[in-house]
$ cat entry13.cif   # mmCIF, C-alpha atoms and all ligand atoms
data_target
#
loop_
_atom_site.label_atom_id
_atom_site.label_comp_id
_atom_site.auth_asym_id
_atom_site.auth_seq_id
_atom_site.Cartn_x
_atom_site.Cartn_y
_atom_site.Cartn_z
CA MET I 17 -15.10 32.69 -28.37
CA LYS I 18 -14.89 29.07 -27.27
CA PHE I 19 -15.64 27.47 -23.94
CA LEU I 20 -13.66 24.29 -23.40
CA ASN I 21 -14.67 21.16 -21.56
CA GLU I 22 -13.33 17.61 -21.26
CA GLN I 23 -14.69 16.73 -24.70
CA SER I 24 -12.65 19.53 -26.33
CA TYR I 25 -9.55 17.32 -26.33
CA ASP I 26 -8.71 13.61 -26.36
CA PRO I 27 -8.57 11.91 -22.97
CA ILE I 28 -5.08 11.23 -21.60
CA PRO I 29 -4.17 7.77 -22.96
CA ILE I 30 -3.38 4.72 -20.84
CA TYR I 31 0.19 3.47 -21.17
CA ARG I 32 0.49 -0.32 -21.55
CA VAL I 33 3.36 -2.73 -22.18
CA ILE I 34 1.62 -6.13 -22.17
CA ASP I 35 -1.88 -7.23 -23.11
CA ASN I 36 -4.07 -9.48 -20.99
CA LYS I 37 -2.40 -12.59 -22.45
CA GLY I 38 1.00 -11.36 -21.23
CA GLN I 39 2.13 -10.52 -24.78
CA VAL I 40 4.29 -7.44 -25.32
CA ILE I 41 2.32 -4.91 -27.38
CA ASP I 42 5.30 -2.98 -28.75
CA ARG I 43 8.80 -4.51 -28.32
CA THR I 44 10.44 -1.08 -28.07
CA GLU I 45 8.49 -0.46 -24.86
CA GLU I 46 9.51 -3.70 -23.12
CA PRO I 47 11.47 -2.78 -19.98
CA ARG I 48 14.94 -4.23 -19.52
CA ILE I 49 14.47 -6.02 -16.23
CA ASP I 50 16.84 -8.80 -15.21
CA ASN I 51 15.38 -12.26 -14.62
CA GLU I 52 15.95 -12.18 -10.87
CA THR I 53 13.97 -8.95 -10.52
CA LEU I 54 11.17 -10.28 -12.72
CA LEU I 55 10.92 -13.41 -10.61
CA ASN I 56 11.00 -11.35 -7.41
CA MET I 57 8.16 -9.24 -8.72
CA TYR I 58 6.02 -12.26 -9.48
CA LYS I 59 6.88 -14.06 -6.24
CA THR I 60 5.96 -10.93 -4.27
CA MET I 61 2.55 -10.96 -5.96
CA VAL I 62 2.00 -14.59 -5.02
CA GLN I 63 3.14 -13.94 -1.43
CA LEU I 64 0.81 -10.95 -1.26
CA ASN I 65 -2.18 -13.03 -2.44
CA GLN I 66 -1.44 -15.64 0.21
CA MET I 67 -1.22 -13.02 2.93
CA ASP I 68 -4.54 -11.52 1.82
CA GLU I 69 -6.26 -14.88 1.79
CA ILE I 70 -5.00 -16.07 5.16
CA LEU I 71 -5.10 -12.78 7.04
CA ILE I 72 -8.69 -12.17 6.02
CA GLU I 73 -9.54 -15.57 7.52
CA SER I 74 -7.60 -14.61 10.62
CA GLN I 75 -9.81 -11.56 10.98
CA GLN I 76 -12.96 -13.64 10.52
CA GLN I 77 -11.77 -15.91 13.30
CA GLY I 78 -11.39 -12.87 15.56
CA ARG I 79 -7.59 -13.09 15.78
CA ILE I 80 -6.93 -9.64 14.30
CA SER I 81 -9.16 -6.58 14.40
CA MET I 82 -9.38 -5.75 10.69
CA TYR I 83 -7.73 -6.33 7.33
CA LEU I 84 -7.60 -4.70 3.87
CA THR I 85 -6.95 -6.85 0.81
CA ASN I 86 -4.88 -5.90 -2.23
CA TYR I 87 -6.56 -8.05 -4.93
CA GLY I 88 -6.55 -6.31 -8.31
CA GLU I 89 -3.74 -3.92 -7.39
CA GLU I 90 -0.81 -6.34 -7.33
CA GLY I 91 0.60 -4.91 -10.58
CA ILE I 92 0.64 -1.37 -9.19
CA GLN I 93 2.34 -2.41 -6.00
CA VAL I 94 4.99 -4.73 -7.34
CA GLY I 95 5.70 -2.73 -10.52
CA SER I 96 6.28 0.49 -8.59
CA GLY I 97 8.08 -1.19 -5.68
CA ALA I 98 10.61 -2.78 -8.05
CA ALA I 99 11.35 0.45 -9.94
CA LEU I 100 12.22 2.44 -6.81
CA LEU I 101 15.60 2.52 -5.07
CA PRO I 102 15.93 1.61 -1.37
CA ARG I 103 16.86 5.22 -0.55
CA ASP I 104 13.60 6.59 -2.00
CA MET I 105 11.11 7.41 0.72
CA ILE I 106 7.67 5.80 0.73
CA PHE I 107 4.52 7.45 2.04
CA ALA I 108 1.75 4.87 1.73
CA GLN I 109 -2.01 4.90 2.36
CA TYR I 110 -2.96 1.40 3.61
CA ARG I 111 -3.40 -0.68 0.44
CA GLU I 112 0.22 -1.00 -0.61
CA LEU I 113 1.39 -4.12 1.19
CA GLY I 114 3.12 -5.40 -1.99
CA VAL I 115 5.30 -2.26 -2.14
CA LEU I 116 6.40 -2.83 1.44
CA LEU I 117 7.07 -6.54 0.87
CA TYR I 118 9.11 -5.62 -2.18
CA ARG I 119 11.05 -3.06 -0.11
CA GLY I 120 12.01 -5.90 2.23
CA MET I 121 9.56 -5.83 5.12
CA THR I 122 9.32 -9.43 6.28
CA VAL I 123 6.20 -11.57 6.56
CA THR I 124 6.91 -11.81 10.32
CA GLU I 125 7.14 -8.04 10.72
CA ILE I 126 3.88 -7.54 8.83
CA ILE I 127 1.97 -10.21 10.71
CA ASN I 128 3.28 -8.97 14.09
CA GLN I 129 1.86 -5.55 13.17
CA CYS I 130 -1.53 -7.03 12.27
CA TYR I 131 -1.58 -9.01 15.52
CA GLY I 132 -0.35 -5.99 17.52
CA ASN I 133 1.92 -8.12 19.69
CA HIS I 134 4.99 -6.95 21.60
CA GLU I 135 7.29 -7.55 18.62
CA ASP I 136 5.28 -5.10 16.53
CA ARG I 137 7.25 -1.87 16.06
CA ASP I 138 4.14 0.11 16.99
CA LYS I 139 3.58 -2.07 20.07
CA GLY I 140 -0.05 -2.59 19.08
CA ARG I 141 -0.92 1.10 18.98
CA GLN I 142 -1.89 1.24 15.30
CA ILE I 143 -4.72 -0.63 13.60
CA PRO I 144 -3.59 -3.39 11.19
CA MET I 145 -2.12 -2.40 7.80
CA HIS I 146 -0.68 0.89 9.06
CA PHE I 147 2.97 0.01 8.66
CA GLY I 148 6.17 1.97 9.08
CA ASN I 149 9.86 1.10 8.99
CA LYS I 150 12.41 3.85 9.50
CA GLU I 151 15.45 1.88 8.29
CA LYS I 152 13.65 0.96 5.08
CA ASN I 153 12.47 4.54 4.46
CA ILE I 154 8.80 3.71 4.94
CA VAL I 155 6.87 6.43 6.76
CA THR I 156 4.15 5.07 9.07
CA ALA I 157 0.71 5.29 7.46
CA SER I 158 -2.12 7.12 9.18
CA SER I 159 -5.87 6.58 8.76
CA PRO I 160 -7.16 10.09 8.02
CA LEU I 161 -7.14 10.14 4.23
CA ALA I 162 -4.62 12.24 2.28
CA THR I 163 -2.71 13.51 5.33
CA GLN I 164 0.33 11.74 3.90
CA MET I 165 0.23 13.87 0.74
CA PRO I 166 1.37 17.32 1.93
CA GLN I 167 3.77 15.54 4.30
CA ALA I 168 5.31 13.64 1.38
CA VAL I 169 5.75 16.83 -0.61
CA GLY I 170 7.36 18.44 2.45
CA ALA I 171 9.78 15.51 2.76
CA ALA I 172 10.58 15.84 -0.95
CA TYR I 173 11.25 19.56 -0.45
CA ALA I 174 13.72 18.62 2.30
CA PHE I 175 15.41 16.20 -0.14
CA LYS I 176 15.64 19.01 -2.67
CA ARG I 177 17.41 21.22 -0.13
CA ALA I 178 19.90 18.46 0.79
CA PRO I 179 22.79 18.59 -1.70
CA ASN I 180 23.16 15.86 -4.36
CA ASN I 181 21.27 13.09 -2.63
CA GLU I 182 19.43 11.81 -5.73
CA ARG I 183 16.52 10.68 -3.63
CA CYS I 184 12.87 11.05 -4.37
CA VAL I 185 9.69 10.55 -2.42
CA ILE I 186 6.81 8.41 -3.65
CA CYS I 187 3.38 9.09 -2.23
CA TYR I 188 0.57 6.58 -2.79
CA PHE I 189 -3.06 7.59 -2.49
CA GLY I 190 -6.42 6.30 -3.69
CA ASP I 191 -8.91 7.99 -6.01
CA GLY I 192 -11.00 8.67 -2.91
CA ALA I 193 -8.11 10.34 -1.10
CA ALA I 194 -7.65 12.51 -4.19
CA SER I 195 -11.02 14.13 -3.36
CA GLU I 196 -9.59 15.59 -0.15
CA GLY I 197 -8.43 19.20 -0.03
CA ASP I 198 -5.00 17.99 1.13
CA ALA I 199 -4.51 16.33 -2.28
CA HIS I 200 -4.89 19.66 -4.07
CA ALA I 201 -2.54 21.36 -1.62
CA ALA I 202 0.03 18.60 -2.19
CA PHE I 203 -0.22 18.84 -6.01
CA ASN I 204 0.16 22.59 -5.90
CA PHE I 205 3.06 22.68 -3.44
CA ALA I 206 4.84 19.94 -5.41
CA ALA I 207 4.48 22.01 -8.59
CA THR I 208 5.25 25.47 -7.23
CA LEU I 209 8.20 24.31 -5.10
CA GLN I 210 9.38 21.87 -7.82
CA CYS I 211 9.85 18.95 -5.44
CA PRO I 212 11.39 15.54 -6.22
CA VAL I 213 8.16 13.64 -5.63
CA ILE I 214 6.12 11.01 -7.44
CA LEU I 215 2.45 11.41 -6.56
CA PHE I 216 1.05 7.97 -7.32
CA CYS I 217 -2.72 7.61 -7.54
CA ARG I 218 -4.13 4.10 -7.29
CA ASN I 219 -7.37 4.60 -9.15
CA ASN I 220 -9.21 1.39 -8.24
CA GLY I 221 -12.69 2.64 -9.14
CA TYR I 222 -14.14 2.99 -5.64
CA ALA I 223 -13.80 4.82 -2.35
CA VAL I 224 -15.50 2.24 -0.10
CA TRP I 225 -18.85 2.10 -1.99
CA THR I 226 -18.59 5.39 -3.91
CA PRO I 227 -17.71 4.87 -7.59
CA THR I 228 -15.35 7.34 -9.27
CA ASN I 229 -18.16 8.85 -11.38
CA GLN I 230 -19.61 10.19 -8.12
CA GLN I 231 -16.20 11.52 -7.04
CA TYR I 232 -15.19 13.56 -10.06
CA ARG I 233 -16.03 14.69 -13.59
CA GLY I 234 -13.55 15.51 -16.33
CA ASP I 235 -10.58 13.41 -17.35
CA GLY I 236 -9.86 11.78 -14.00
CA ILE I 237 -6.99 12.46 -11.63
CA ALA I 238 -4.36 12.71 -14.38
CA ALA I 239 -6.01 15.83 -15.84
CA ARG I 240 -5.38 17.60 -12.53
CA GLY I 241 -1.66 16.99 -12.96
CA LEU I 242 -1.67 18.78 -16.30
CA ALA I 243 -3.76 21.64 -14.91
CA LEU I 244 -1.37 22.18 -12.02
CA GLY I 245 1.89 21.76 -13.91
CA LEU I 246 3.01 18.26 -12.95
CA HIS I 247 4.67 15.78 -15.31
CA THR I 248 1.81 13.35 -15.79
CA ILE I 249 1.15 9.86 -17.08
CA ARG I 250 -1.85 7.52 -16.94
CA VAL I 251 -0.86 3.89 -16.84
CA ASP I 252 -2.54 0.49 -16.84
CA GLY I 253 -2.24 -0.52 -13.18
CA THR I 254 -2.95 -4.16 -13.98
CA ASP I 255 0.20 -4.27 -16.12
CA ALA I 256 3.17 -4.54 -13.74
CA LEU I 257 5.65 -3.90 -16.56
CA ALA I 258 3.95 -0.67 -17.62
CA VAL I 259 3.91 0.50 -14.01
CA TYR I 260 7.59 -0.45 -13.66
CA ARG I 261 8.55 1.59 -16.74
CA ALA I 262 6.44 4.56 -15.71
CA VAL I 263 7.94 4.68 -12.21
CA GLU I 264 11.49 4.05 -13.45
CA ARG I 265 11.19 7.07 -15.75
CA ALA I 266 9.22 9.09 -13.18
CA ARG I 267 12.03 8.81 -10.65
CA GLU I 268 14.57 10.02 -13.24
CA ILE I 269 12.35 13.07 -13.83
CA ALA I 270 11.59 13.60 -10.14
CA ILE I 271 15.22 13.67 -9.00
CA GLN I 272 15.72 16.58 -11.39
CA ASN I 273 13.22 18.40 -9.15
CA LYS I 274 10.35 17.95 -11.56
CA PRO I 275 7.34 16.53 -9.72
CA VAL I 276 5.38 13.72 -11.34
CA LEU I 277 1.80 12.52 -11.11
CA ILE I 278 0.97 8.93 -12.07
CA GLU I 279 -2.62 7.74 -12.31
CA ALA I 280 -2.67 3.93 -12.37
CA MET I 281 -5.99 2.48 -13.52
CA SER I 282 -7.00 -0.72 -11.76
CA TYR I 283 -9.87 -2.23 -9.82
CA ARG I 284 -10.50 -3.06 -6.17
CA VAL I 285 -11.52 -6.70 -6.53
CA GLY I 286 -12.02 -7.24 -2.78
CA LEU I 287 -14.36 -5.41 -0.44
CA HIS I 288 -13.03 -2.16 1.03
CA SER I 289 -12.03 -3.85 4.30
CA THR I 290 -13.22 -6.53 6.67
CA ALA I 291 -15.43 -3.83 8.25
CA ASP I 292 -17.37 -3.56 4.96
CA PHE I 293 -20.51 -5.70 5.22
CA SER I 294 -22.09 -4.48 1.97
CA ASN I 295 -21.72 -7.89 0.31
CA ASN I 296 -20.92 -6.01 -2.92
CA ALA I 297 -24.50 -4.66 -3.21
CA PHE I 298 -23.06 -1.44 -4.74
CA ARG I 299 -21.64 -3.18 -7.84
CA SER I 300 -22.39 -6.10 -10.16
CA VAL I 301 -20.89 -9.58 -9.97
CA GLU I 302 -20.11 -9.35 -13.73
CA GLU I 303 -18.02 -6.23 -13.16
CA ILE I 304 -15.95 -7.92 -10.46
CA GLN I 305 -15.51 -11.08 -12.53
CA LYS I 306 -14.39 -9.14 -15.59
CA TRP I 307 -11.57 -7.47 -13.67
CA ALA I 308 -10.66 -10.52 -11.61
CA GLN I 309 -10.43 -12.75 -14.67
CA GLU I 310 -9.70 -10.75 -17.84
CA GLU I 311 -7.57 -8.02 -16.24
CA ASN I 312 -5.86 -10.01 -13.54
CA PRO I 313 -2.40 -8.47 -12.91
CA VAL I 314 -0.91 -11.67 -11.45
CA GLU I 315 -2.09 -13.76 -14.38
CA LYS I 316 -0.71 -11.22 -16.90
CA LEU I 317 2.77 -11.23 -15.37
CA ARG I 318 2.72 -15.03 -15.02
CA LEU I 319 1.90 -15.45 -18.72
CA TYR I 320 4.71 -13.02 -19.60
CA LEU I 321 7.20 -14.98 -17.48
CA GLU I 322 6.04 -18.29 -18.94
CA GLY I 323 6.50 -16.83 -22.43
CA ARG I 324 10.11 -16.04 -21.50
CA GLY I 325 10.65 -19.54 -20.10
CA LEU I 326 11.15 -18.25 -16.55
CA TRP I 327 8.15 -19.89 -14.90
CA ASN I 328 5.98 -23.00 -15.23
CA SER I 329 3.22 -24.84 -13.39
CA ASP I 330 5.62 -27.02 -11.35
CA ILE I 331 7.53 -24.01 -10.00
CA GLU I 332 4.19 -22.29 -9.40
CA LYS I 333 2.91 -25.20 -7.31
CA GLN I 334 6.06 -25.38 -5.23
CA PHE I 335 6.33 -21.64 -4.65
CA LEU I 336 2.64 -21.36 -3.77
CA LYS I 337 3.13 -23.95 -1.05
CA GLU I 338 6.18 -22.12 0.34
CA ALA I 339 4.34 -18.79 0.30
CA ARG I 340 1.34 -20.32 2.07
CA ASP I 341 3.37 -22.24 4.65
CA ILE I 342 5.37 -19.20 5.75
CA VAL I 343 2.16 -17.22 6.39
CA LEU I 344 0.49 -20.07 8.29
CA ARG I 345 3.59 -20.69 10.40
CA THR I 346 4.07 -17.00 11.16
CA ILE I 347 0.45 -16.57 12.17
CA GLN I 348 0.70 -19.40 14.67
CA GLU I 349 3.83 -17.82 16.14
CA ALA I 350 2.28 -14.33 16.21
CA ASP I 351 -0.76 -15.69 18.04
CA GLN I 352 1.44 -17.05 20.84
CA LYS I 353 3.37 -13.82 21.36
CA LYS I 354 2.35 -11.61 24.25
CA LYS I 355 0.95 -8.12 23.85
CA ALA I 356 3.23 -5.24 24.81
CA HIS I 357 3.26 -4.20 28.48
CA TRP I 358 0.16 -2.11 29.19
CA LYS I 359 2.34 0.88 30.11
CA GLU I 360 3.38 1.09 26.45
CA MET I 361 0.07 2.73 25.65
CA LEU I 362 1.25 5.80 27.57
CA GLN I 363 4.97 5.63 26.90
CA ASP I 364 6.75 6.96 23.78
CA VAL I 365 3.94 9.41 23.11
CA TYR I 366 5.92 12.38 24.42
CA TYR I 367 9.69 12.59 24.69
CA VAL I 368 9.25 13.33 28.40
CA MET I 369 6.03 11.97 29.87
CA PRO I 370 3.87 14.90 31.03
CA GLN I 371 2.55 14.93 34.60
CA HIS I 372 -1.07 14.16 33.70
CA LEU I 373 -0.04 10.93 31.94
CA GLN I 374 2.31 10.04 34.78
CA LYS I 375 -0.63 10.46 37.16
CA GLN I 376 -2.88 8.24 35.03
CA MET I 377 -0.21 5.59 34.86
CA ASN I 378 0.18 5.55 38.66
CA GLN I 379 -3.60 5.28 39.09
CA MET I 380 -3.73 2.46 36.56
CA GLU I 381 -0.91 0.64 38.33
CA LYS I 382 -2.75 0.76 41.68
CA HIS I 383 -6.01 -0.25 40.01
CA LEU I 384 -4.44 -3.29 38.33
CA GLU I 385 -2.75 -4.31 41.57
CA LYS I 386 -6.08 -4.22 43.41
CA TYR I 387 -8.24 -5.87 40.71
CA LYS I 388 -5.70 -8.06 38.91
CA GLU I 389 -7.95 -11.09 38.81
CA HIS I 390 -10.31 -9.18 36.47
CA TYR I 391 -7.67 -8.48 33.81
CA PRO I 392 -5.90 -10.91 31.42
CA LEU I 393 -2.48 -9.65 32.54
CA ASP I 394 -0.81 -12.95 31.66
CA GLN I 395 -1.40 -12.09 27.97
CA PHE I 396 0.76 -8.96 28.31
CA GLN I 397 4.48 -8.67 28.79
CA SER I 398 5.61 -8.05 32.33
CA GLU I 399 8.15 -5.31 33.08
C1 LIG I 401 -10.48 12.16 6.09
C2 LIG I 401 -11.14 10.80 6.03
N1 LIG I 401 -12.40 10.69 5.57
C3 LIG I 401 -12.98 9.47 5.51
C4 LIG I 401 -12.30 8.35 5.92
C5 LIG I 401 -13.00 6.99 5.84
N2 LIG I 401 -12.41 6.20 4.77
C6 LIG I 401 -11.45 5.30 5.01
S1 LIG I 401 -10.89 4.59 3.64
C7 LIG I 401 -11.98 5.44 2.65
C8 LIG I 401 -12.00 5.24 1.16
C9 LIG I 401 -10.75 5.70 0.50
O1 LIG I 401 -10.79 5.36 -0.85
P1 LIG I 401 -9.51 5.47 -1.76
O2 LIG I 401 -8.68 6.63 -1.36
O3 LIG I 401 -9.95 5.41 -3.17
O4 LIG I 401 -8.64 4.17 -1.40
P2 LIG I 401 -9.01 2.62 -1.53
O5 LIG I 401 -9.63 2.23 -0.21
O6 LIG I 401 -9.94 2.48 -2.68
O7 LIG I 401 -7.74 1.91 -1.73
C10 LIG I 401 -12.76 6.28 3.43
C11 LIG I 401 -13.81 7.15 2.90
C12 LIG I 401 -10.99 8.52 6.40
N3 LIG I 401 -10.25 7.49 6.79
N4 LIG I 401 -10.42 9.75 6.44
#

$ encode --input "entry13.cif" --output "structure tokens"
Amino acid sequence: MKFLNEQSYDPIPIYRVIDNKGQVIDRTEEPRIDNETLLNMYKTMVQLNQMDEILIESQQQGRISMYLTNYGEEGIQVGSGAALLPRDMIFAQYRELGVLLYRGMTVTEIINQCYGNHEDRDKGRQIPMHFGNKEKNIVTASSPLATQMPQAVGAAYAFKRAPNNERCVICYFGDGAASEGDAHAAFNFAATLQCPVILFCRNNGYAVWTPTNQQYRGDGIAARGLALGLHTIRVDGTDALAVYRAVERAREIAIQNKPVLIEAMSYRVGLHSTADFSNNAFRSVEEIQKWAQEENPVEKLRLYLEGRGLWNSDIEKQFLKEARDIVLRTIQEADQKKKAHWKEMLQDVYYVMPQHLQKQMNQMEKHLEKYKEHYPLDQFQSE
């Protein structure tokens, strides 16, 4: 008789392509990515860093309500974004801005969403970083953790039922979201219904201030994939090329109706969000520095590109300026744009507006007419 535990077998290994000097570890594993795609991947990382830096300042100046940075997870976002096809459907959490940029969401569209102005697709009804774009197959993110997971599996099941569409769904979620019951339901439905879905865990070490060793025991999130019958891989999330290869292969597997779980190991270098005032009291400065310096995903890809003669410090300087300028310019424009008409908060909620909302809108209209001098109506669009 033998009882088994996580020490009874070797932990699931971490798949890597490059080391932290950007050197390929094993040539046979180097992905065949054309130069244009490689450059796009790196440029998206740089653009993402600039957006993080400037938008966080914007929040501190009170221009936007909150922000969530992506530092440390650039490799996950850009590597996976580049390996997907435009027809694949994305269900994101809120820390995947690089995936959305790679999919083609513009800096303007993203900043309008953060500013919640009238050009924002959501008309200011979502908090910042909860993006959606129907034409680009990006499902709007919602704040309650893990709700996207069963929904993503359901969408994948619909893809399975549609004949020969060769589409898959990718669903991103954090290690914290993986602790929700919905995550288990999603894993199990994906496996039992054999759905074309890639369940992509961004394991960045923390859920707000809770480290992973207080979230789970055993061999991490990947072990759950094996237990439930999902094709599973653990990958170095700071290595954009390893993530690219894993997702490229995962989508080939997924479209044969074999669900995949990817656990990408990385680190949340920034604070959880701008609403987190912990000042990093829950972790050591050395830990942050180690990941930010030795395991920096942007640095690793840059060194790889330099090694291939595709990038150098002059191009870096010039591109950095372009990436910075576009964000600064767009922020100024977004700041000038009016908010959506106040009626938008009640419209588009139901297909036909129910009577109780109609009544509230009429009351509001009379109220604003009577007390207009007390409201900043000039900041909102008129009808
Ligand atoms: C159901 C639910 N519980 C709690 C929260 C509050 N909350 C927001 S983000 C977060 C941490 C999530 O961590 P993780 O999934 O690892 O993603 P990360 O922020 O690290 O990218 C928590 C607890 C929430 N939004 N929804």

$ closest_atom_pairs --input "entry13.cif" --of "chain I" --to "ligand LIG 401 (chain I)" --cutoff "8 Å" --atoms "all atoms listed in the file" --output "Markdown table"
| residue | atom | partner | partner_atom | distance |
| --- | --- | --- | --- | --- |
| I:Gln109 | CA | I:LIG401 | O7 | 7.6 |
| I:Tyr110 | CA | I:LIG401 | O7 | 7.2 |
| I:Arg111 | CA | I:LIG401 | O7 | 5.5 |
| I:Ser159 | CA | I:LIG401 | N3 | 4.9 |
| I:Pro160 | CA | I:LIG401 | N4 | 3.6 |
| I:Leu161 | CA | I:LIG401 | N4 | 4.0 |
| I:Ala162 | CA | I:LIG401 | C1 | 7.0 |
| I:Thr163 | CA | I:LIG401 | C1 | 7.9 |
| I:Phe189 | CA | I:LIG401 | O2 | 5.8 |
| I:Gly190 | CA | I:LIG401 | O2 | 3.3 |
| I:Asp191 | CA | I:LIG401 | O3 | 4.0 |
| I:Gly192 | CA | I:LIG401 | O3 | 3.4 |
| I:Ala193 | CA | I:LIG401 | O2 | 3.8 |
| I:Ala194 | CA | I:LIG401 | O2 | 6.6 |
| I:Glu196 | CA | I:LIG401 | C1 | 7.2 |
| I:Arg218 | CA | I:LIG401 | O7 | 7.0 |
| I:Asn219 | CA | I:LIG401 | O3 | 6.6 |
| I:Asn220 | CA | I:LIG401 | O6 | 5.7 |
| I:Gly221 | CA | I:LIG401 | O6 | 7.0 |
| I:Tyr222 | CA | I:LIG401 | O6 | 5.2 |
| I:Ala223 | CA | I:LIG401 | O1 | 3.4 |
| I:Val224 | CA | I:LIG401 | C8 | 4.8 |
| I:Arg284 | CA | I:LIG401 | O6 | 6.6 |
| I:His288 | CA | I:LIG401 | O5 | 5.7 |
| I:Ser289 | CA | I:LIG401 | O5 | 7.9 |

$ residues_around --input "entry13.cif" --residues "region 263-270 of chain I" --least-positions-apart "4" --cutoff "6 Å" --atoms "all atoms listed in the file" --output "VMD selection string"
chain I and resid 96 99 212 to 213 274 to 275

$ atom_distance --input "entry13.cif" --atom1 "CA of Leu20 (chain I)" --atom2 "CA of Asn204 (chain I)"
22.4 Å

$ atom_distance --input "entry13.cif" --atom1 "CA of Leu362 (chain I)" --atom2 "CA of Arg141 (chain I)"
10.0 Å

$ atom_distance --input "entry13.cif" --atom1 "CA of Pro166 (chain I)" --atom2 "CA of Ala243 (chain I)"
18.1 Å

$ closest_residue --input "entry13.cif" --among "I:Glu338, I:Glu69, I:Glu310, I:Asp138" --to "Lys355 (chain I)" --atoms "all atoms listed in the file"
I:Asp138

$ closest_residue --input "entry13.cif" --among "I:Asn86, I:Ser158, I:Gln76, I:Thr124" --to "Leu344 (chain I)" --atoms "only C-alpha atoms"
I:Thr124

$ closest_residue --input "entry13.cif" --among "I:Glu73, I:Asp235, I:Glu332, I:Glu52" --to "Pro27 (chain I)" --atoms "only C-alpha atoms"
I:Asp235

$ closest_residue --input "entry13.cif" --among "I:Trp358, I:Trp327, I:Phe396, I:Tyr283" --to "Gly88 (chain I)" --atoms "only C-alpha atoms"
I:Tyr283

$ residues_around --input "entry13.cif" --residues "Ala178 (chain I)" --least-positions-apart "6" --cutoff "12 Å" --atoms "only C-alpha atoms" --output "PDB file with C-alpha atoms, in the coordinates of the input"
ATOM      1  CA  ALA I 171       9.780  15.510   2.760  1.00  0.00           C
ATOM      2  CA  ALA I 172      10.580  15.840  -0.950  1.00  0.00           C
ATOM      3  CA  CYS I 184      12.870  11.050  -4.370  1.00  0.00           C
ATOM      4  CA  CYS I 211       9.850  18.950  -5.440  1.00  0.00           C
ATOM      5  CA  PRO I 212      11.390  15.540  -6.220  1.00  0.00           C
ATOM      6  CA  ILE I 271      15.220  13.670  -9.000  1.00  0.00           C
ATOM      7  CA  ASN I 273      13.220  18.400  -9.150  1.00  0.00           C
TER       8      ASN I 273
END

$ closest_residue --input "entry13.cif" --among "I:Glu135, I:Glu151, I:Glu182, I:Asp292" --to "Lys353 (chain I)" --atoms "all atoms listed in the file"
I:Glu135

$ closest_residue --input "entry13.cif" --among "I:Val115, I:Leu336, I:Ala256, I:Val185" --to "Glu315 (chain I)" --atoms "all atoms listed in the file"
I:Ala256

$ decode --input "entry13.cif" --residues "region 334-342 of chain I" --atoms "N, CA, C and O atoms" --output "CSV table (one decimal), in the first residue's frame"
chain,number,residue,atom,x,y,z
I,334,GLN,N,15.1,55.7,-30.5
I,334,GLN,CA,14.1,56.3,-31.4
I,334,GLN,C,12.7,55.7,-31.2
I,334,GLN,O,11.7,56.5,-31.1
I,335,PHE,N,12.6,54.4,-31.1
I,335,PHE,CA,11.3,53.8,-30.9
I,335,PHE,C,10.7,54.1,-29.5
I,335,PHE,O,9.5,54.4,-29.4
I,336,LEU,N,11.6,54.2,-28.5
I,336,LEU,CA,11.1,54.6,-27.2
I,336,LEU,C,10.4,55.9,-27.2
I,336,LEU,O,9.4,56.2,-26.6
I,337,LYS,N,11.1,56.9,-27.9
I,337,LYS,CA,10.5,58.2,-28.0
I,337,LYS,C,9.2,58.2,-28.7
I,337,LYS,O,8.2,58.8,-28.3
I,338,GLU,N,9.1,57.4,-29.8
I,338,GLU,CA,7.8,57.3,-30.6
I,338,GLU,C,6.7,56.8,-29.7
I,338,GLU,O,5.6,57.3,-29.6
I,339,ALA,N,7.1,55.7,-28.9
I,339,ALA,CA,6.1,55.0,-28.1
I,339,ALA,C,5.6,55.9,-27.0
I,339,ALA,O,4.5,55.9,-26.6
I,340,ARG,N,6.5,56.7,-26.4
I,340,ARG,CA,6.2,57.7,-25.4
I,340,ARG,C,5.3,58.8,-25.9
I,340,ARG,O,4.3,59.1,-25.3
I,341,ASP,N,5.8,59.4,-27.0
I,341,ASP,CA,5.0,60.5,-27.6
I,341,ASP,C,3.6,60.2,-27.9
I,341,ASP,O,2.7,61.0,-27.6
I,342,ILE,N,3.4,59.0,-28.5
I,342,ILE,CA,2.0,58.6,-28.9
I,342,ILE,C,1.1,58.6,-27.6
I,342,ILE,O,0.0,59.0,-27.6
